[in-house]
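Undergrad: Structure supplied as my_file-v1.cif; contents: mmCIF, C-alpha atoms and all ligand atoms.
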```cif
data_upload
loop_
_atom_site.group_PDB
_atom_site.id
_atom_site.type_symbol
_atom_site.label_atom_id
_atom_site.label_comp_id
_atom_site.auth_asym_id
_atom_site.auth_seq_id
_atom_site.Cartn_x
_atom_site.Cartn_y
_atom_site.Cartn_z
ATOM 1 C CA MET O 1 0.000 0.000 0.000
ATOM 2 C CA ILE O 2 2.787 2.430 0.956
ATOM 3 C CA GLU O 3 6.268 2.315 -0.511
ATOM 4 C CA ILE O 4 8.986 4.745 0.499
ATOM 5 C CA ASN O 5 12.173 4.433 -1.529
ATOM 6 C CA ASN O 6 15.393 6.185 -0.428
ATOM 7 C CA ILE O 7 13.702 9.331 0.784
ATOM 8 C CA THR O 8 15.696 12.280 2.066
ATOM 9 C CA PHE O 9 14.172 15.510 3.364
ATOM 10 C CA GLU O 10 15.968 18.737 4.230
ATOM 11 C CA TYR O 11 14.739 21.926 5.903
ATOM 12 C CA ASN O 12 16.904 24.763 4.555
ATOM 13 C CA GLY O 13 19.763 22.397 3.777
ATOM 14 C CA LEU O 14 19.596 20.542 7.122
ATOM 15 C CA LYS O 15 18.649 16.863 6.941
ATOM 16 C CA ALA O 16 15.528 15.831 8.868
ATOM 17 C CA ILE O 17 15.172 12.461 7.097
ATOM 18 C CA ASP O 18 18.226 10.720 5.694
ATOM 19 C CA ASN O 19 17.732 8.103 2.981
ATOM 20 C CA ILE O 20 14.984 5.922 4.436
ATOM 21 C CA SER O 21 13.074 3.089 2.746
ATOM 22 C CA ILE O 22 9.921 1.441 4.114
ATOM 23 C CA LYS O 23 7.111 -0.757 2.846
ATOM 24 C CA ILE O 24 3.767 -0.751 4.663
ATOM 25 C CA GLU O 25 0.951 -3.206 3.916
ATOM 26 C CA LYS O 26 -2.757 -2.586 4.336
ATOM 27 C CA GLY O 27 -3.969 -3.371 7.856
ATOM 28 C CA GLU O 28 -0.619 -2.983 9.646
ATOM 29 C CA SER O 29 -0.270 -1.210 12.982
ATOM 30 C CA ILE O 30 3.075 0.514 13.278
ATOM 31 C CA ALA O 31 4.712 2.596 15.992
ATOM 32 C CA ILE O 32 7.181 5.255 14.845
ATOM 33 C CA ILE O 33 9.740 5.625 17.592
ATOM 34 C CA GLY O 34 12.817 7.812 18.085
ATOM 35 C CA PRO O 35 14.310 10.629 20.155
ATOM 36 C CA ASN O 36 13.212 14.272 19.797
ATOM 37 C CA GLY O 37 14.230 15.753 16.474
ATOM 38 C CA SER O 38 14.896 12.373 14.833
ATOM 39 C CA GLY O 39 12.418 13.054 12.016
ATOM 40 C CA LYS O 40 9.204 11.265 13.085
ATOM 41 C CA SER O 41 6.843 14.199 12.467
ATOM 42 C CA THR O 42 8.642 15.047 9.222
ATOM 43 C CA PHE O 43 8.164 11.465 8.044
ATOM 44 C CA LEU O 44 4.446 11.514 8.950
ATOM 45 C CA LYS O 45 4.007 14.824 7.083
ATOM 46 C CA ILE O 46 5.603 13.272 4.003
ATOM 47 C CA LEU O 47 3.215 10.298 4.292
ATOM 48 C CA ASN O 48 0.325 12.768 4.242
ATOM 49 C CA ALA O 49 1.791 14.752 1.324
ATOM 50 C CA LEU O 50 1.971 17.935 3.387
ATOM 51 C CA ILE O 51 5.642 18.168 2.391
ATOM 52 C CA PHE O 52 7.580 16.383 -0.328
ATOM 53 C CA PRO O 53 10.974 14.676 -0.131
ATOM 54 C CA SER O 54 14.052 16.361 -1.583
ATOM 55 C CA SER O 55 14.975 13.035 -3.163
ATOM 56 C CA GLY O 56 13.556 9.513 -3.374
ATOM 57 C CA ASP O 57 10.051 8.233 -4.156
ATOM 58 C CA TYR O 58 6.804 7.934 -2.247
ATOM 59 C CA ILE O 59 4.309 5.531 -3.807
ATOM 60 C CA PHE O 60 0.784 5.182 -2.394
ATOM 61 C CA ASN O 61 -1.475 2.462 -3.826
ATOM 62 C CA GLY O 62 0.791 2.207 -6.871
ATOM 63 C CA GLU O 63 0.794 5.948 -7.602
ATOM 64 C CA LYS O 64 3.686 8.342 -7.156
ATOM 65 C CA ILE O 65 2.960 11.182 -4.725
ATOM 66 C CA THR O 66 4.639 14.366 -5.971
ATOM 67 C CA PRO O 67 3.876 18.109 -5.873
ATOM 68 C CA SER O 68 2.539 17.861 -9.405
ATOM 69 C CA SER O 69 0.330 14.794 -8.772
ATOM 70 C CA MET O 70 -1.082 16.537 -5.689
ATOM 71 C CA ASN O 71 -1.748 19.670 -7.760
ATOM 72 C CA ASN O 72 -4.365 17.638 -9.592
ATOM 73 C CA GLN O 73 -7.460 18.281 -7.449
ATOM 74 C CA ILE O 74 -9.203 15.012 -8.292
ATOM 75 C CA PHE O 75 -6.096 12.989 -7.445
ATOM 76 C CA SER O 76 -5.408 14.984 -4.314
ATOM 77 C CA LYS O 77 -9.009 14.592 -3.023
ATOM 78 C CA LYS O 78 -8.878 10.848 -3.686
ATOM 79 C CA PHE O 79 -5.558 10.621 -1.827
ATOM 80 C CA HIS O 80 -6.750 12.638 1.185
ATOM 81 C CA LYS O 81 -9.891 10.525 1.433
ATOM 82 C CA LYS O 82 -7.704 7.435 1.879
ATOM 83 C CA ILE O 83 -5.250 8.773 4.469
ATOM 84 C CA GLY O 84 -6.012 10.924 7.510
ATOM 85 C CA PHE O 85 -3.576 12.742 9.783
ATOM 86 C CA VAL O 86 -3.943 13.618 13.458
ATOM 87 C CA PHE O 87 -1.355 16.389 14.028
ATOM 88 C CA GLN O 88 0.994 16.555 17.017
ATOM 89 C CA ASN O 89 -0.530 19.966 17.797
ATOM 90 C CA SER O 90 -4.353 19.908 17.587
ATOM 91 C CA ASP O 91 -4.462 23.688 17.007
ATOM 92 C CA SER O 92 -2.878 23.112 13.571
ATOM 93 C CA GLN O 93 -5.900 21.045 12.659
ATOM 94 C CA LEU O 94 -8.982 22.768 14.110
ATOM 95 C CA PHE O 95 -10.307 25.878 12.368
ATOM 96 C CA CYS O 96 -14.141 25.726 12.282
ATOM 97 C CA SER O 97 -16.454 27.623 14.635
ATOM 98 C CA SER O 98 -18.133 24.523 16.088
ATOM 99 C CA VAL O 99 -17.077 20.965 16.831
ATOM 100 C CA TYR O 100 -19.925 19.663 14.669
ATOM 101 C CA ASP O 101 -18.807 21.712 11.631
ATOM 102 C CA GLU O 102 -15.253 20.621 12.222
ATOM 103 C CA ILE O 103 -16.222 16.933 12.082
ATOM 104 C CA ALA O 104 -18.603 17.576 9.162
ATOM 105 C CA PHE O 105 -15.870 19.314 7.136
ATOM 106 C CA GLY O 106 -14.360 16.152 5.576
ATOM 107 C CA PRO O 107 -17.680 14.474 4.672
ATOM 108 C CA ARG O 108 -18.989 17.775 3.198
ATOM 109 C CA GLN O 109 -15.814 18.114 1.104
ATOM 110 C CA MET O 110 -16.517 14.611 -0.181
ATOM 111 C CA GLY O 111 -19.905 15.801 -1.397
ATOM 112 C CA LEU O 112 -22.054 13.638 0.918
ATOM 113 C CA SER O 113 -25.688 14.646 1.472
ATOM 114 C CA GLU O 114 -26.428 16.519 4.733
ATOM 115 C CA ILE O 115 -28.298 13.423 5.993
ATOM 116 C CA ASP O 116 -25.203 11.251 5.481
ATOM 117 C CA VAL O 117 -22.962 13.971 6.916
ATOM 118 C CA LYS O 118 -25.153 14.064 10.034
ATOM 119 C CA ARG O 119 -25.072 10.280 10.402
ATOM 120 C CA ARG O 120 -21.267 10.224 10.130
ATOM 121 C CA CYS O 121 -20.867 13.106 12.578
ATOM 122 C CA GLU O 122 -23.154 11.466 15.120
ATOM 123 C CA ASP O 123 -21.247 8.172 14.815
ATOM 124 C CA CYS O 124 -17.917 9.942 15.353
ATOM 125 C CA LEU O 125 -19.211 12.076 18.238
ATOM 126 C CA ARG O 126 -20.446 8.885 19.907
ATOM 127 C CA LEU O 127 -17.248 6.902 19.176
ATOM 128 C CA LEU O 128 -15.059 9.621 20.713
ATOM 129 C CA ASN O 129 -17.533 10.208 23.539
ATOM 130 C CA ILE O 130 -17.833 13.942 22.794
ATOM 131 C CA GLU O 131 -21.558 14.316 22.038
ATOM 132 C CA ASP O 132 -21.808 17.064 24.676
ATOM 133 C CA LEU O 133 -19.087 19.109 22.901
ATOM 134 C CA LYS O 134 -20.772 19.289 19.507
ATOM 135 C CA ASP O 135 -21.790 22.980 19.716
ATOM 136 C CA ARG O 136 -18.617 24.193 21.414
ATOM 137 C CA VAL O 137 -15.935 26.318 19.760
ATOM 138 C CA PRO O 138 -12.954 23.952 19.175
ATOM 139 C CA PHE O 139 -10.418 26.672 20.009
ATOM 140 C CA ASN O 140 -11.745 26.907 23.594
ATOM 141 C CA LEU O 141 -11.582 23.216 24.415
ATOM 142 C CA SER O 142 -9.015 21.581 26.696
ATOM 143 C CA GLY O 143 -6.057 19.732 25.159
ATOM 144 C CA GLY O 144 -7.624 16.294 25.671
ATOM 145 C CA GLU O 145 -10.990 17.448 24.289
ATOM 146 C CA LYS O 146 -9.262 18.965 21.246
ATOM 147 C CA LYS O 147 -7.456 15.700 20.613
ATOM 148 C CA ARG O 148 -10.751 13.766 20.676
ATOM 149 C CA VAL O 149 -12.247 16.260 18.219
ATOM 150 C CA ALA O 150 -9.169 16.060 15.961
ATOM 151 C CA ILE O 151 -9.456 12.264 15.847
ATOM 152 C CA ALA O 152 -13.212 12.466 15.169
ATOM 153 C CA CYS O 153 -12.466 14.846 12.266
ATOM 154 C CA VAL O 154 -10.128 12.331 10.691
ATOM 155 C CA LEU O 155 -12.451 9.356 11.251
ATOM 156 C CA SER O 156 -15.478 11.133 9.762
ATOM 157 C CA SER O 157 -13.866 10.841 6.306
ATOM 158 C CA ASN O 158 -13.481 7.082 6.926
ATOM 159 C CA PRO O 159 -9.857 6.867 5.682
ATOM 160 C CA GLU O 160 -8.111 3.528 5.117
ATOM 161 C CA VAL O 161 -4.902 4.765 6.729
ATOM 162 C CA ILE O 162 -4.804 6.734 9.970
ATOM 163 C CA VAL O 163 -1.587 8.542 10.805
ATOM 164 C CA LEU O 164 -1.246 9.966 14.311
ATOM 165 C CA ASP O 165 1.573 12.113 15.660
ATOM 166 C CA GLU O 166 1.978 11.451 19.408
ATOM 167 C CA PRO O 167 -1.774 11.394 20.083
ATOM 168 C CA MET O 168 -1.337 10.653 23.794
ATOM 169 C CA ASN O 169 0.956 13.586 24.548
ATOM 170 C CA GLY O 170 -0.181 15.437 27.636
ATOM 171 C CA LEU O 171 -3.395 13.458 28.136
ATOM 172 C CA ASP O 172 -4.659 12.096 31.454
ATOM 173 C CA PRO O 173 -4.362 8.341 32.112
ATOM 174 C CA ARG O 174 -8.045 7.595 31.470
ATOM 175 C CA THR O 175 -7.968 9.372 28.087
ATOM 176 C CA LYS O 176 -4.763 7.530 27.182
ATOM 177 C CA ARG O 177 -6.465 4.217 27.988
ATOM 178 C CA PHE O 178 -9.469 5.291 25.919
ATOM 179 C CA PHE O 179 -7.235 6.102 22.914
ATOM 180 C CA ARG O 180 -5.392 2.801 23.313
ATOM 181 C CA GLU O 181 -8.683 0.877 23.047
ATOM 182 C CA LEU O 182 -9.722 3.059 20.107
ATOM 183 C CA LEU O 183 -6.494 2.396 18.178
ATOM 184 C CA ILE O 184 -6.893 -1.347 18.748
ATOM 185 C CA LYS O 185 -10.528 -1.224 17.560
ATOM 186 C CA LEU O 186 -9.644 0.809 14.467
ATOM 187 C CA ASN O 187 -6.890 -1.607 13.496
ATOM 188 C CA GLN O 188 -9.165 -4.613 14.126
ATOM 189 C CA SER O 189 -11.728 -3.047 11.816
ATOM 190 C CA GLY O 190 -9.110 -3.134 9.039
ATOM 191 C CA LYS O 191 -7.585 0.338 9.220
ATOM 192 C CA THR O 192 -3.855 0.770 8.780
ATOM 193 C CA VAL O 193 -2.564 2.624 11.848
ATOM 194 C CA ILE O 194 0.760 4.497 11.810
ATOM 195 C CA CYS O 195 1.531 6.357 15.015
ATOM 196 C CA ALA O 196 4.501 8.248 16.436
ATOM 197 C CA THR O 197 4.668 7.646 20.163
ATOM 198 C CA HIS O 198 6.769 7.975 23.299
ATOM 199 C CA ASP O 199 3.983 6.634 25.547
ATOM 200 C CA PHE O 200 5.042 2.992 25.700
ATOM 201 C CA GLU O 201 3.312 2.391 29.002
ATOM 202 C CA TYR O 202 -0.094 3.084 27.477
ATOM 203 C CA VAL O 203 0.122 1.407 24.075
ATOM 204 C CA LYS O 204 0.480 -2.235 25.066
ATOM 205 C CA ASP O 205 -0.873 -4.567 22.356
ATOM 206 C CA VAL O 206 -1.652 -1.684 19.983
ATOM 207 C CA PHE O 207 1.271 -2.157 17.560
ATOM 208 C CA LYS O 208 2.748 -5.173 15.815
ATOM 209 C CA ARG O 209 5.692 -3.393 14.199
ATOM 210 C CA ALA O 210 8.061 -0.640 15.310
ATOM 211 C CA ILE O 211 10.139 1.571 13.034
ATOM 212 C CA VAL O 212 12.886 3.313 14.962
ATOM 213 C CA PHE O 213 14.525 6.590 13.878
ATOM 214 C CA SER O 214 17.948 7.601 15.189
ATOM 215 C CA LYS O 215 19.212 11.034 16.144
ATOM 216 C CA ASN O 216 20.929 10.980 12.719
ATOM 217 C CA HIS O 217 17.480 10.894 11.029
ATOM 218 C CA ARG O 218 17.937 7.351 9.715
ATOM 219 C CA ILE O 219 15.978 4.167 10.373
ATOM 220 C CA ILE O 220 18.023 2.047 12.754
ATOM 221 C CA ARG O 221 15.502 -0.723 13.362
ATOM 222 C CA ASP O 222 12.334 -2.095 11.774
ATOM 223 C CA ASP O 223 11.129 -5.038 13.820
ATOM 224 C CA HIS O 224 8.322 -6.594 15.875
ATOM 225 C CA TYR O 225 7.041 -3.979 18.320
ATOM 226 C CA ASP O 226 7.351 -6.280 21.334
ATOM 227 C CA LYS O 227 10.943 -7.205 20.481
ATOM 228 C CA VAL O 228 11.955 -3.558 20.218
ATOM 229 C CA ILE O 229 10.158 -2.483 23.351
ATOM 230 C CA ASN O 230 11.681 -5.286 25.404
ATOM 231 C CA ASP O 231 15.205 -4.467 24.210
ATOM 232 C CA SER O 232 16.009 -1.988 26.945
ATOM 233 C CA VAL O 233 19.731 -1.813 26.081
ATOM 234 C CA PHE O 234 18.876 -0.751 22.508
ATOM 235 C CA LEU O 235 16.246 1.744 23.702
ATOM 236 C CA PHE O 236 18.564 3.243 26.313
ATOM 237 C CA GLU O 237 21.513 3.530 23.912
ATOM 238 C CA ASN O 238 19.343 5.366 21.409
ATOM 239 C CA ASN O 239 17.826 7.799 23.922
ATOM 240 C CA ILE O 240 14.331 6.334 23.671
ATOM 241 C CA ILE O 241 13.942 5.369 27.334
HETATM 242 N N1 LIG O 301 9.642 23.696 9.914
HETATM 243 C C1 LIG O 301 10.907 23.374 10.182
HETATM 244 N N2 LIG O 301 11.925 24.181 9.795
HETATM 245 C C2 LIG O 301 13.220 23.854 10.045
HETATM 246 N N3 LIG O 301 13.595 22.726 10.683
HETATM 247 C C3 LIG O 301 12.624 21.894 11.100
HETATM 248 C C4 LIG O 301 11.246 22.174 10.875
HETATM 249 N N4 LIG O 301 10.507 21.158 11.403
HETATM 250 C C5 LIG O 301 11.396 20.296 11.916
HETATM 251 N N5 LIG O 301 12.676 20.729 11.749
HETATM 252 C C6 LIG O 301 13.902 20.019 12.158
HETATM 253 O O1 LIG O 301 13.901 18.724 11.563
HETATM 254 C C7 LIG O 301 14.355 17.729 12.470
HETATM 255 C C8 LIG O 301 13.272 16.647 12.649
HETATM 256 O O2 LIG O 301 12.155 17.230 13.285
HETATM 257 P P1 LIG O 301 10.828 16.439 13.572
HETATM 258 O O3 LIG O 301 9.819 17.415 14.054
HETATM 259 O O4 LIG O 301 10.498 15.616 12.393
HETATM 260 O O5 LIG O 301 11.295 15.467 14.773
HETATM 261 P P2 LIG O 301 10.471 14.486 15.719
HETATM 262 O O6 LIG O 301 11.169 13.163 15.668
HETATM 263 O O7 LIG O 301 9.033 14.526 15.353
HETATM 264 O O8 LIG O 301 10.707 15.127 17.166
HETATM 265 P P3 LIG O 301 9.726 15.192 18.476
HETATM 266 O O9 LIG O 301 9.877 13.864 19.199
HETATM 267 O O10 LIG O 301 10.328 16.312 19.290
HETATM 268 O O11 LIG O 301 8.327 15.470 18.037
HETATM 269 C C9 LIG O 301 14.715 18.461 13.749
HETATM 270 O O12 LIG O 301 16.099 18.676 13.728
HETATM 271 C C10 LIG O 301 13.960 19.784 13.658
HETATM 272 O O13 LIG O 301 14.651 20.814 14.315
HETATM 273 MG MG MG O 302 7.322 15.146 16.363
#
```
Please rewrite the model in this file as structure tokens.
Ligand SMILES: Nc1ncnc2c1ncn2[C@@H]1O[C@H](COP(=O)(O)OP(=O)(O)OP(=O)(O)O)[C@@H](O)[C@H]1O
Ligand SMILES: [Mg+2]
TA:
Amino acid sequence: MIEINNITFEYNGLKAIDNISIKIEKGESIAIIGPNGSGKSTFLKILNALIFPSSGDYIFNGEKITPSSMNNQIFSKKFHKKIGFVFQNSDSQLFCSSVYDEIAFGPRQMGLSEIDVKRRCEDCLRLLNIEDLKDRVPFNLSGGEKKRVAIACVLSSNPEVIVLDEPMNGLDPRTKRFFRELLIKLNQSGKTVICATHDFEYVKDVFKRAIVFSKNHRIIRDDHYDKVINDSVFLFENNII
């Protein structure tokens, strides 16, 4: 489904991703792990075509993702319907004047009827347990509430791939447990889940594979999640625990 071939990305001449290659199959659940500044968020932004690599190829469902392919509105809409991104900072993602409109934004863009939009929004509000927030202004919500809304916004478009950038950051333990269950359910329902995380304590049994970035912005390990997480010498040496 996803093929990354020898991708490098630079911000103003400084490498943030250095020559990485990855293949991801439909239905996988993958943790993206690495110290601060190793390139996890940059990689997730590339996956979502928010930025484009300086060199190398990104192929999604057999099609090359490039600035020019994404300039084609039909192609770009089709792509964004298949992959959804929950940003590290929810404020980058929420811009509507009510939670309901925020969640309805994706389905409306897809041209669904208002009846179908309403059904999807109600499902997502229920799934994230935020029915009582539906008329609130997203900007004024707490961090944990914003994160629930941001996830609902992504799920309302029913993407095949869900990419999350440290979704548990700064959340209380009960919300972390809630998100853990949600990620497991989403993956069981067939979604591909790709998630940057530092919250190992709260993601037990969520991921089957771990891709580890080093401080040098390279991939230093791509292995079973449990093997990586139980290798405390490796994690300690690479500044992950
Ligand atoms: N917009 C930007 N402009 C310039 N440099 C950037 C920008 N965004 C990220 N970088 C740099 O790119 C490198 C990778 O950053 P990135 O945000 O991908 O790391 P990360 O692994 O997600 O870190 P964290 O765990 O802190 O979220 C870092 O050295 C960072 O300083
Ligand atoms: Mg990051």
Undergrad: Residues contacting ligand LIG 301 (chain O) - anything with an atom at most 6 Å away, using all atoms listed in the file - can you give me those as a PDB file with C-alpha atoms, in the frame of the given file?
TA:
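pocket-v1.pdb, freshly written:
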```
ATOM      1  CA  TYR O  11      14.739  21.926   5.903  1.00  0.00           C
ATOM      2  CA  ALA O  16      15.528  15.831   8.868  1.00  0.00           C
ATOM      3  CA  PRO O  35      14.310  10.629  20.155  1.00  0.00           C
ATOM      4  CA  ASN O  36      13.212  14.272  19.797  1.00  0.00           C
ATOM      5  CA  GLY O  37      14.230  15.753  16.474  1.00  0.00           C
ATOM      6  CA  SER O  38      14.896  12.373  14.833  1.00  0.00           C
ATOM      7  CA  GLY O  39      12.418  13.054  12.016  1.00  0.00           C
ATOM      8  CA  LYS O  40       9.204  11.265  13.085  1.00  0.00           C
ATOM      9  CA  SER O  41       6.843  14.199  12.467  1.00  0.00           C
ATOM     10  CA  THR O  42       8.642  15.047   9.222  1.00  0.00           C
TER      11      THR O  42
END
```
Undergrad: Using all atoms listed in the file, find the one residue out of O:Phe139, O:Phe236, O:Phe87, O:Phe75 that sits nearest to Val99 in chain O.
TA: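 Between O:Phe139, O:Phe236, O:Phe87, O:Phe75, the residue approaching Val99 in chain O most closely is O:Phe139.
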Undergrad: Would you mind reading off the distance between CA of Leu112 in chain O and CA of Ser156 in chain O, one decimal, in Å?
TA: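 The value is 11.3 Å.
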Undergrad: Evaluate the PyMOL selection byres (((chain O and resi 52-59) around 7) and not hetatm) on the structure here and hand back the selected residues as a ChimeraX atom specification.
TA: /O:2-10,46,49-51,60-67
Undergrad: Fewer than 4 positions away in the same chain doesn't count, so skip those; otherwise give me all residues within 12 Å of Glu28 in chain O, counting only C-alpha atoms, as JSON, numbers by chain.
TA: {"O": [1, 2, 23, 24, 160, 161, 162, 163, 183, 184, 186, 187, 188, 189, 190, 191, 192, 193, 194, 195, 206, 207, 208, 209, 210, 224, 225]}
Undergrad: So, counting all atoms listed in the file, which residue among O:Ser142, O:Ser157, O:Asn19, O:Gln88 is closest to ligand MG 302 (chain O)?
TA: O:Gln88
Undergrad: Rounded to one decimal, what separation in Å do you get between CA of Val228 in chain O and CA of Phe43 in chain O?
TA: 19.7 Å
Undergrad: Which residue out of O:Gly13, O:Asp123, O:Gly144, O:Pro138 has the minimum interatomic distance to Arg174 in chain O when only C-alpha atoms are used?
TA: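 The closest residue to Arg174 in chain O is O:Gly144.
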Undergrad: CA of Ile32 in chain O to CA of Ile20 in chain O: how many Å, to one decimal?
TA: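 Interatomic distance, CA of Ile32 in chain O to CA of Ile20 in chain O: 13.0 Å.
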Undergrad: Give me the result of the PyMOL selection byres (((chain O and resi 141) around 12) and not hetatm) on this file, residue by residue, as a PDB file with C-alpha atoms, in the coordinates of the input.
TA:
```pdb
ATOM      1  CA  SER O  90      -4.353  19.908  17.587  1.00  0.00           C
ATOM      2  CA  ASP O  91      -4.462  23.688  17.007  1.00  0.00           C
ATOM      3  CA  LEU O  94      -8.982  22.768  14.110  1.00  0.00           C
ATOM      4  CA  SER O  97     -16.454  27.623  14.635  1.00  0.00           C
ATOM      5  CA  SER O  98     -18.133  24.523  16.088  1.00  0.00           C
ATOM      6  CA  VAL O  99     -17.077  20.965  16.831  1.00  0.00           C
ATOM      7  CA  ILE O 130     -17.833  13.942  22.794  1.00  0.00           C
ATOM      8  CA  ASP O 132     -21.808  17.064  24.676  1.00  0.00           C
ATOM      9  CA  LEU O 133     -19.087  19.109  22.901  1.00  0.00           C
ATOM     10  CA  LYS O 134     -20.772  19.289  19.507  1.00  0.00           C
ATOM     11  CA  ASP O 135     -21.790  22.980  19.716  1.00  0.00           C
ATOM     12  CA  ARG O 136     -18.617  24.193  21.414  1.00  0.00           C
ATOM     13  CA  VAL O 137     -15.935  26.318  19.760  1.00  0.00           C
ATOM     14  CA  PRO O 138     -12.954  23.952  19.175  1.00  0.00           C
ATOM     15  CA  PHE O 139     -10.418  26.672  20.009  1.00  0.00           C
ATOM     16  CA  ASN O 140     -11.745  26.907  23.594  1.00  0.00           C
ATOM     17  CA  SER O 142      -9.015  21.581  26.696  1.00  0.00           C
ATOM     18  CA  GLY O 143      -6.057  19.732  25.159  1.00  0.00           C
ATOM     19  CA  GLY O 144      -7.624  16.294  25.671  1.00  0.00           C
ATOM     20  CA  GLU O 145     -10.990  17.448  24.289  1.00  0.00           C
ATOM     21  CA  LYS O 146      -9.262  18.965  21.246  1.00  0.00           C
ATOM     22  CA  LYS O 147      -7.456  15.700  20.613  1.00  0.00           C
ATOM     23  CA  ARG O 148     -10.751  13.766  20.676  1.00  0.00           C
ATOM     24  CA  VAL O 149     -12.247  16.260  18.219  1.00  0.00           C
ATOM     25  CA  ALA O 150      -9.169  16.060  15.961  1.00  0.00           C
TER      26      ALA O 150
END
```
Undergrad: Give me the result of the PyMOL selection byres (((chain O and resi 109) around 12) and not hetatm) on this file, residue by residue, as a list in words.
TA: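 Applying the PyMOL selection byres (((chain O and resi 109) around 12) and not hetatm) to the structure shown produces Gln73, Ile74, Lys77, Lys78, His80, Lys81, Asp101, Glu102, Ile103, Ala104, Phe105, Gly106, Pro107, Arg108, Met110, Gly111, Leu112, Ser113, Glu114, Val117, Ser156 and Ser157 of chain O.
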Undergrad: Could you name the residues that touch Ile240 in chain O at 8 Å or less, counting only C-alpha atoms, but leaving out those on the same chain fewer than 5 positions away, as a list in words?
TA: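 In the requested format, the answer is Ile33, Gly34, Pro35, His198 and Leu235 of chain O.
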Undergrad: Do you know which residues are at most 9 Å from Glu131 in chain O counting all atoms listed in the file, after dropping those on the same chain fewer than 6 positions away, and could you put them as a PyMOL selection string?
TA: chain O and resi 122+124-125
Undergrad: Dump C-alpha atoms for the selected residues as a compact mmCIF listing (two decimals), in the frame of the given file?
TA:
```txt
# COMPACT_ATOMS: atom_id res chain seq x y z
CA GLU O 122 -23.15 11.47 15.12
CA CYS O 124 -17.92 9.94 15.35
CA LEU O 125 -19.21 12.08 18.24
```
Undergrad: Taking (-1.2, 9.5, 23.8) in the coordinates of the supplied file, I want to know which residues reach to within 10 Å of it, counting only C-alpha atoms; could you give the answer as a list of chain:residue names?
TA: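 The residues that fall inside the cut-off are O:Gly144, O:Lys147, O:Leu164, O:Asp165, O:Glu166, O:Pro167, O:Met168, O:Asn169, O:Gly170, O:Leu171, O:Asp172, O:Pro173, O:Thr175, O:Lys176, O:Arg177, O:Phe178, O:Phe179, O:Arg180, O:Cys195, O:Ala196, O:Thr197, O:His198, O:Asp199, O:Phe200, O:Glu201, O:Tyr202, O:Val203.
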Undergrad: Tell me which of O:Leu128, O:Gly27, O:Lys204, O:Phe213 sits closest to ligand MG 302 (chain O), counting only C-alpha atoms and all ligand atoms.
TA: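 Of O:Leu128, O:Gly27, O:Lys204, O:Phe213, the one nearest ligand MG 302 (chain O), counting only C-alpha atoms and all ligand atoms, is O:Phe213.
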Undergrad: Using all atoms listed in the file for the distances, tell me which of O:Leu14, O:Leu44, O:Met70, O:Ile30 is nearest to ligand MG 302 (chain O).
TA: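 The shortest atom-to-atom distance to ligand MG 302 (chain O) comes from O:Leu44.
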Undergrad: With distances taken over all atoms listed in the file, which residue among O:Asn89, O:Asn129, O:Asn158, O:Ser214 lies nearest ligand MG 302 (chain O)?
TA: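 Of O:Asn89, O:Asn129, O:Asn158, O:Ser214, the one nearest ligand MG 302 (chain O), counting all atoms listed in the file, is O:Asn89.
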Undergrad: Axis-aligned box over every listed atom of range 107-113 of chain O, padded by 4 Å per side: centre and edges in Å to one decimal, as JSON?
TA:
```
{"center_x": -20.8, "center_y": 15.9, "center_z": 1.6, "size_x": 17.9, "size_y": 12.5, "size_z": 14.1}
```
Undergrad: Please list, as a VMD selection string, the residues that have an atom at most 6 Å away from (22.0, 7.4, 8.9) in the coordinates of this file, counting all atoms listed in the file.
TA: chain O and resid 18 216 218
